[in-house]
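Novice: Have a look at this one before I ask anything.
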Amino acid sequence: MAKKELLLGAVAAGLLLSGASAPAFAAKGEGKHHQRHAAMIERLDADKNGKVSLDEFKTNASTAFKAFDADGNGEVTKDEIKARHAAFKDARKAVRNANEADRDKAREALRASGPYRLPGAGKMFEKTDTDRNGSLSKAEVLAAAERIFERRDGNKDGVLDAADARSGKGKWHHGKGGEQRAERMLNRLDTDKDGRISQAEMLARANRAFERFDTDRNGEVTKAEVDAKREAFRDARKAFRAVKATEGEARDAARAALRDARMDRMGLRLFERADTDRNGTLTRTEMETAANAMFKKRDRNGDGFITIDEMGKRRDR
């Protein structure tokens, strides 16, 4: 295969890159995604009807907020989040280190000391902190919980149940951490911040990517231009490694340059697929055609939008 698998990852990877152990009723062979989903349903389903309503989901978020708000001042800081996560690691370590006779007791202590997850924390902290005061209020956390609920409700019936696990069937691309990378990509492409990607947003991103590759501005992207982007990525990676162990503006600038270059490198992967006339160059029309095809493929439920569950996964074969 020619080395032109390149531009559309800015339309694909650049473009498409959004508790307890699994209960006994998780069906054999359904995979970890289904098991985690089933465990979540069991944990949050207060009325035990096999479904989690938005109210139940937000009630759990309120409970988590109270646990994270260690000083009870109505705000959760990054330090409080770190402390809570450290406590979880310690409790989990106690389970691992417990002897056989004490292991059940340690597991119960781990469950009793929860919850350890807070909607909108972690990598989503900055987006959740809408008033930019450096901490999360209960209202901000509940708003994040509502967005998460809407994303997970794949069939849009207003509840989370086993059907939503099926609608998300598949594995995350790019291995470990794929879900987090997909969520970061969604945040980049979702320009109107409604939690999903429209076809117009995808095409806008595709056109920006095309312009980045078309360095001589002649309306076509060539292999030479693509190779130059690949070399720029290698240079950026080398520069970041040289200052990785340091602190300060130099490392931050190198990290930003590497992130920018990585997006270009990821964009290399679908170049040949988009070059439909096989003439060794990619036109804007070819790129837009490929972007539209990619959008249609990822919009699994045909509602005209790509959500984090749709864009980050591949179908089981």
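Each chain in the structure tokens gets a letter, A, B, ..., in the order shown, and its residues are numbered from 1; ligands are numbered from 1 in order too.
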Quick check for you: according to DSSP on this backbone, which residues of stretch 202-250 of chain A are classed as helix (DSSP H, G or I)? Reply as a ChimeraX atom specification.

Specialist: /A:202-213,223-243,249-250

Novice: Write out, as CSV, each residue of stretch 52-99 of chain A that has an atom at most 8 Å from stretch 118-133 of chain A, together with the closest pair of atoms and their distance in Å to one decimal, counting only C-alpha atoms, rows going by chain and rising number.

Specialist:
```
residue,atom,partner,partner_atom,distance
A:Ala61,CA,A:Pro119,CA,6.6
A:Ala64,CA,A:Leu118,CA,5.8
A:Phe65,CA,A:Leu118,CA,6.6
A:Phe68,CA,A:Leu118,CA,7.6
A:Ile81,CA,A:Ala121,CA,7.6
```

Novice: For A:Gly50, list every protein, DNA or RNA residue within 10 Å, evaluated using only C-alpha atoms, and leave out those in the same chain fewer than 4 positions away; present the list as a ChimeraX atom specification.

Specialist: /A:38,41-42,44-46,159-162

Novice: Would you save the residues of that selection, restricted to N, CA, C and O atoms, as an mmCIF file, in the first residue's frame?

Specialist:
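out00.cif was written with the following content:
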```cif
data_model
loop_
_atom_site.group_PDB
_atom_site.id
_atom_site.type_symbol
_atom_site.label_atom_id
_atom_site.label_comp_id
_atom_site.auth_asym_id
_atom_site.auth_seq_id
_atom_site.Cartn_x
_atom_site.Cartn_y
_atom_site.Cartn_z
ATOM 1 N N ALA A 38 -23.453 -3.276 33.127
ATOM 2 C CA ALA A 38 -24.365 -4.011 33.996
ATOM 3 C C ALA A 38 -24.105 -3.686 35.456
ATOM 4 O O ALA A 38 -25.041 -3.532 36.259
ATOM 5 N N ILE A 41 -25.607 -0.309 36.219
ATOM 6 C CA ILE A 41 -27.057 -0.389 36.357
ATOM 7 C C ILE A 41 -27.422 -0.919 37.740
ATOM 8 O O ILE A 41 -28.276 -0.356 38.439
ATOM 9 N N GLU A 42 -26.773 -1.995 38.137
ATOM 10 C CA GLU A 42 -27.071 -2.594 39.440
ATOM 11 C C GLU A 42 -26.776 -1.621 40.578
ATOM 12 O O GLU A 42 -27.530 -1.533 41.547
ATOM 13 N N LEU A 44 -26.682 1.769 40.532
ATOM 14 C CA LEU A 44 -27.448 3.026 40.552
ATOM 15 C C LEU A 44 -28.962 2.829 40.531
ATOM 16 O O LEU A 44 -29.706 3.786 40.768
ATOM 17 N N ASP A 45 -29.415 1.629 40.255
ATOM 18 C CA ASP A 45 -30.848 1.343 40.109
ATOM 19 C C ASP A 45 -31.510 1.242 41.493
ATOM 20 O O ASP A 45 -31.709 0.162 42.028
ATOM 21 N N ALA A 46 -31.862 2.396 42.048
ATOM 22 C CA ALA A 46 -32.380 2.438 43.422
ATOM 23 C C ALA A 46 -33.697 1.696 43.585
ATOM 24 O O ALA A 46 -33.940 1.056 44.611
ATOM 25 N N VAL A 159 -33.855 6.339 29.864
ATOM 26 C CA VAL A 159 -33.315 5.506 30.939
ATOM 27 C C VAL A 159 -32.064 4.793 30.438
ATOM 28 O O VAL A 159 -31.867 4.662 29.226
ATOM 29 N N LEU A 160 -31.246 4.344 31.377
ATOM 30 C CA LEU A 160 -30.096 3.514 31.046
ATOM 31 C C LEU A 160 -30.420 2.077 31.413
ATOM 32 O O LEU A 160 -30.808 1.795 32.557
ATOM 33 N N ASP A 161 -30.306 1.184 30.462
ATOM 34 C CA ASP A 161 -30.577 -0.225 30.722
ATOM 35 C C ASP A 161 -29.693 -1.079 29.828
ATOM 36 O O ASP A 161 -28.761 -0.588 29.195
ATOM 37 N N ALA A 162 -29.978 -2.379 29.775
ATOM 38 C CA ALA A 162 -29.151 -3.294 28.997
ATOM 39 C C ALA A 162 -29.131 -2.925 27.522
ATOM 40 O O ALA A 162 -28.140 -3.158 26.822
#
```

Novice: Which residue gives the smallest distance to A:Asn73 among A:Leu142, A:Leu136, A:Ala290, A:Ala209, with only C-alpha atoms counted?

Specialist: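 For A:Asn73, the nearest of the given residues is A:Leu136.
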
Novice: Applying 7 Å and only C-alpha atoms, which residues near A:Val95 remain after dropping the ones on its own chain fewer than 3 positions away? List them as a list in words.

Specialist: Ala91, Arg92, Ala98, Arg103, Ala106 and Arg107 of chain A

Novice: What's the 10 Å shell around A:Phe88, counting only C-alpha atoms, without same-chain residues fewer than 3 positions away, as a ChimeraX atom specification?

Specialist: /A:82-85,91-94,110-111,113-117

Novice: Store the residues of this selection in a file with N, CA, C and O atoms, as a PDB file, in the first residue's frame.

Specialist:
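Result file is part.pdb:
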```
ATOM      1  N   LYS A  82      -7.883  14.739  44.155  1.00  0.00           N
ATOM      2  CA  LYS A  82      -6.669  13.944  44.282  1.00  0.00           C
ATOM      3  C   LYS A  82      -6.667  13.134  45.567  1.00  0.00           C
ATOM      4  O   LYS A  82      -6.272  11.965  45.597  1.00  0.00           O
ATOM      5  N   ALA A  83      -7.110  13.761  46.663  1.00  0.00           N
ATOM      6  CA  ALA A  83      -7.137  13.063  47.952  1.00  0.00           C
ATOM      7  C   ALA A  83      -8.100  11.888  47.904  1.00  0.00           C
ATOM      8  O   ALA A  83      -7.815  10.809  48.441  1.00  0.00           O
ATOM      9  N   ARG A  84      -9.221  12.096  47.258  1.00  0.00           N
ATOM     10  CA  ARG A  84     -10.221  11.021  47.162  1.00  0.00           C
ATOM     11  C   ARG A  84      -9.683   9.858  46.329  1.00  0.00           C
ATOM     12  O   ARG A  84      -9.865   8.688  46.673  1.00  0.00           O
ATOM     13  N   HIS A  85      -9.041  10.177  45.245  1.00  0.00           N
ATOM     14  CA  HIS A  85      -8.464   9.138  44.397  1.00  0.00           C
ATOM     15  C   HIS A  85      -7.332   8.396  45.119  1.00  0.00           C
ATOM     16  O   HIS A  85      -7.174   7.179  44.960  1.00  0.00           O
ATOM     17  N   ALA A  91      -7.293   1.922  49.471  1.00  0.00           N
ATOM     18  CA  ALA A  91      -8.287   0.896  49.795  1.00  0.00           C
ATOM     19  C   ALA A  91      -8.183  -0.291  48.852  1.00  0.00           C
ATOM     20  O   ALA A  91      -8.327  -1.446  49.269  1.00  0.00           O
ATOM     21  N   ARG A  92      -7.913  -0.019  47.589  1.00  0.00           N
ATOM     22  CA  ARG A  92      -7.769  -1.102  46.626  1.00  0.00           C
ATOM     23  C   ARG A  92      -6.496  -1.907  46.898  1.00  0.00           C
ATOM     24  O   ARG A  92      -6.477  -3.136  46.770  1.00  0.00           O
ATOM     25  N   LYS A  93      -5.443  -1.209  47.301  1.00  0.00           N
ATOM     26  CA  LYS A  93      -4.200  -1.891  47.644  1.00  0.00           C
ATOM     27  C   LYS A  93      -4.407  -2.805  48.845  1.00  0.00           C
ATOM     28  O   LYS A  93      -3.852  -3.916  48.909  1.00  0.00           O
ATOM     29  N   ALA A  94      -5.226  -2.352  49.811  1.00  0.00           N
ATOM     30  CA  ALA A  94      -5.513  -3.174  50.988  1.00  0.00           C
ATOM     31  C   ALA A  94      -6.210  -4.469  50.588  1.00  0.00           C
ATOM     32  O   ALA A  94      -5.968  -5.528  51.178  1.00  0.00           O
ATOM     33  N   LEU A 110     -13.758  -1.309  51.038  1.00  0.00           N
ATOM     34  CA  LEU A 110     -13.585  -0.537  49.810  1.00  0.00           C
ATOM     35  C   LEU A 110     -14.923  -0.012  49.307  1.00  0.00           C
ATOM     36  O   LEU A 110     -15.060   1.164  48.966  1.00  0.00           O
ATOM     37  N   ARG A 111     -15.938  -0.899  49.286  1.00  0.00           N
ATOM     38  CA  ARG A 111     -17.258  -0.465  48.829  1.00  0.00           C
ATOM     39  C   ARG A 111     -17.866   0.577  49.762  1.00  0.00           C
ATOM     40  O   ARG A 111     -18.453   1.565  49.316  1.00  0.00           O
ATOM     41  N   SER A 113     -16.436   2.732  51.643  1.00  0.00           N
ATOM     42  CA  SER A 113     -15.758   4.032  51.670  1.00  0.00           C
ATOM     43  C   SER A 113     -15.970   4.835  50.394  1.00  0.00           C
ATOM     44  O   SER A 113     -15.509   5.974  50.291  1.00  0.00           O
ATOM     45  N   GLY A 114     -16.679   4.264  49.410  1.00  0.00           N
ATOM     46  CA  GLY A 114     -16.953   4.967  48.153  1.00  0.00           C
ATOM     47  C   GLY A 114     -17.996   6.051  48.344  1.00  0.00           C
ATOM     48  O   GLY A 114     -18.471   6.277  49.460  1.00  0.00           O
ATOM     49  N   PRO A 115     -18.404   6.749  47.288  1.00  0.00           N
ATOM     50  CA  PRO A 115     -17.953   6.588  45.895  1.00  0.00           C
ATOM     51  C   PRO A 115     -16.630   7.304  45.626  1.00  0.00           C
ATOM     52  O   PRO A 115     -16.239   8.202  46.359  1.00  0.00           O
ATOM     53  N   TYR A 116     -15.984   6.878  44.551  1.00  0.00           N
ATOM     54  CA  TYR A 116     -14.697   7.454  44.190  1.00  0.00           C
ATOM     55  C   TYR A 116     -14.710   8.108  42.808  1.00  0.00           C
ATOM     56  O   TYR A 116     -13.679   8.535  42.323  1.00  0.00           O
ATOM     57  N   ARG A 117     -15.864   8.151  42.179  1.00  0.00           N
ATOM     58  CA  ARG A 117     -15.965   8.794  40.867  1.00  0.00           C
ATOM     59  C   ARG A 117     -16.901   9.985  40.961  1.00  0.00           C
ATOM     60  O   ARG A 117     -17.980   9.888  41.544  1.00  0.00           O
TER      61      ARG A 117
END
```

Novice: I need the residue nearest A:Gly280 from this list: A:Ala293, A:Ala144, A:Leu258, A:Val221. Use only C-alpha atoms for the distance.

Specialist: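 Distance minimum relative to A:Gly280 lands on A:Val221.
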
Novice: Near A:Ala257, counting only C-alpha atoms, which residues have an atom at most 12 Å away, once you skip same-chain residues fewer than 2 positions from it, shown as a list in words?

Specialist: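 Final neighbour list, sorted by chain and number: Ala232, Phe233, Arg234, Asp235, Ala236, Arg237, Lys238, Ala239, Phe240, Arg241, Ala250, Arg251, Asp252, Ala253, Ala254, Arg255, Arg259, Asp260, Ala261, Arg262, Met263 and Asp264 of chain A.
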
Novice: Output the selection as a PDB file, in the first residue's frame - N, CA and C atoms for each residue.

Specialist:
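Final output, saved to part_3.pdb:
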```pdb
ATOM      1  N   ALA A 232       7.772  16.551  10.483  1.00  0.00           N
ATOM      2  CA  ALA A 232       7.551  17.570  11.508  1.00  0.00           C
ATOM      3  C   ALA A 232       7.126  16.930  12.824  1.00  0.00           C
ATOM      4  N   PHE A 233       6.343  15.877  12.730  1.00  0.00           N
ATOM      5  CA  PHE A 233       5.943  15.162  13.947  1.00  0.00           C
ATOM      6  C   PHE A 233       7.160  14.552  14.638  1.00  0.00           C
ATOM      7  N   ARG A 234       8.025  13.921  13.857  1.00  0.00           N
ATOM      8  CA  ARG A 234       9.224  13.313  14.445  1.00  0.00           C
ATOM      9  C   ARG A 234      10.089  14.355  15.134  1.00  0.00           C
ATOM     10  N   ASP A 235      10.228  15.522  14.496  1.00  0.00           N
ATOM     11  CA  ASP A 235      11.020  16.597  15.097  1.00  0.00           C
ATOM     12  C   ASP A 235      10.380  17.091  16.392  1.00  0.00           C
ATOM     13  N   ALA A 236       9.048  17.232  16.384  1.00  0.00           N
ATOM     14  CA  ALA A 236       8.340  17.708  17.576  1.00  0.00           C
ATOM     15  C   ALA A 236       8.463  16.700  18.716  1.00  0.00           C
ATOM     16  N   ARG A 237       8.392  15.427  18.381  1.00  0.00           N
ATOM     17  CA  ARG A 237       8.522  14.393  19.405  1.00  0.00           C
ATOM     18  C   ARG A 237       9.924  14.404  20.011  1.00  0.00           C
ATOM     19  N   LYS A 238      10.928  14.558  19.161  1.00  0.00           N
ATOM     20  CA  LYS A 238      12.304  14.618  19.641  1.00  0.00           C
ATOM     21  C   LYS A 238      12.515  15.839  20.538  1.00  0.00           C
ATOM     22  N   ALA A 239      11.944  16.972  20.155  1.00  0.00           N
ATOM     23  CA  ALA A 239      12.087  18.201  20.940  1.00  0.00           C
ATOM     24  C   ALA A 239      11.419  18.056  22.301  1.00  0.00           C
ATOM     25  N   PHE A 240      10.249  17.408  22.330  1.00  0.00           N
ATOM     26  CA  PHE A 240       9.562  17.228  23.606  1.00  0.00           C
ATOM     27  C   PHE A 240      10.336  16.294  24.525  1.00  0.00           C
ATOM     28  N   ARG A 241      10.878  15.221  23.972  1.00  0.00           N
ATOM     29  CA  ARG A 241      11.645  14.280  24.795  1.00  0.00           C
ATOM     30  C   ARG A 241      12.854  14.962  25.430  1.00  0.00           C
ATOM     31  N   ALA A 250       9.153  26.042  28.534  1.00  0.00           N
ATOM     32  CA  ALA A 250       9.762  25.298  27.424  1.00  0.00           C
ATOM     33  C   ALA A 250       9.089  23.950  27.248  1.00  0.00           C
ATOM     34  N   ARG A 251       8.843  23.246  28.350  1.00  0.00           N
ATOM     35  CA  ARG A 251       8.182  21.944  28.238  1.00  0.00           C
ATOM     36  C   ARG A 251       6.745  22.103  27.769  1.00  0.00           C
ATOM     37  N   ASP A 252       6.039  23.118  28.292  1.00  0.00           N
ATOM     38  CA  ASP A 252       4.650  23.332  27.886  1.00  0.00           C
ATOM     39  C   ASP A 252       4.560  23.638  26.396  1.00  0.00           C
ATOM     40  N   ALA A 253       5.496  24.460  25.913  1.00  0.00           N
ATOM     41  CA  ALA A 253       5.488  24.801  24.487  1.00  0.00           C
ATOM     42  C   ALA A 253       5.805  23.570  23.637  1.00  0.00           C
ATOM     43  N   ALA A 254       6.759  22.758  24.090  1.00  0.00           N
ATOM     44  CA  ALA A 254       7.111  21.546  23.340  1.00  0.00           C
ATOM     45  C   ALA A 254       5.963  20.550  23.335  1.00  0.00           C
ATOM     46  N   ARG A 255       5.270  20.457  24.459  1.00  0.00           N
ATOM     47  CA  ARG A 255       4.114  19.554  24.537  1.00  0.00           C
ATOM     48  C   ARG A 255       3.019  20.009  23.584  1.00  0.00           C
ATOM     49  N   ARG A 259       1.556  17.949  20.410  1.00  0.00           N
ATOM     50  CA  ARG A 259       0.129  17.647  20.275  1.00  0.00           C
ATOM     51  C   ARG A 259      -0.382  18.093  18.910  1.00  0.00           C
ATOM     52  N   ASP A 260       0.054  19.259  18.494  1.00  0.00           N
ATOM     53  CA  ASP A 260      -0.357  19.785  17.201  1.00  0.00           C
ATOM     54  C   ASP A 260       0.158  18.892  16.069  1.00  0.00           C
ATOM     55  N   ALA A 261       1.429  18.486  16.167  1.00  0.00           N
ATOM     56  CA  ALA A 261       2.024  17.643  15.130  1.00  0.00           C
ATOM     57  C   ALA A 261       1.413  16.251  15.129  1.00  0.00           C
ATOM     58  N   ARG A 262       1.053  15.747  16.291  1.00  0.00           N
ATOM     59  CA  ARG A 262       0.453  14.414  16.365  1.00  0.00           C
ATOM     60  C   ARG A 262      -0.865  14.370  15.615  1.00  0.00           C
ATOM     61  N   MET A 263      -1.644  15.445  15.675  1.00  0.00           N
ATOM     62  CA  MET A 263      -2.899  15.500  14.937  1.00  0.00           C
ATOM     63  C   MET A 263      -2.644  15.335  13.445  1.00  0.00           C
ATOM     64  N   ASP A 264      -1.561  15.954  12.947  1.00  0.00           N
ATOM     65  CA  ASP A 264      -1.224  15.799  11.534  1.00  0.00           C
ATOM     66  C   ASP A 264      -0.817  14.362  11.229  1.00  0.00           C
TER      67      ASP A 264
END
```

Novice: Write out as a list in words which residues come within 7 Å of A:Thr281 when counting only C-alpha atoms, dropping same-chain ones fewer than 2 positions away.

Specialist: Glu220, Val221, Thr222, Lys223, Asp275, Asn279 and Thr283 of chain A

Novice: Kindly give the distance, in Å, that separates atom CA of A:Thr63 and atom CA of A:Ala145, rounded to a single decimal.

Specialist: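 One can read the atom CA of A:Thr63 to atom CA of A:Ala145 distance as 12.0 Å.
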
Novice: With only C-alpha atoms as the basis for distance, which of A:Lys105, A:Glu80, A:Arg278, A:Asn301 is at the shortest distance from A:Lys156?

Specialist: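 That would be A:Asn301, the residue with the smallest distance to A:Lys156.
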
Novice: Go ahead and compute the interatomic distance for atom CA of A:Arg205 and atom CA of A:Leu189, in Å to one decimal.

Specialist: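 The value is 6.8 Å.
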
Novice: Which of these residues is nearest to A:Ala206, using only C-alpha atoms: A:Asp47, A:Glu288, A:Glu150, A:Asp227?

Specialist: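 Ranking A:Asp47, A:Glu288, A:Glu150, A:Asp227 by distance to A:Ala206, first place goes to A:Glu288.
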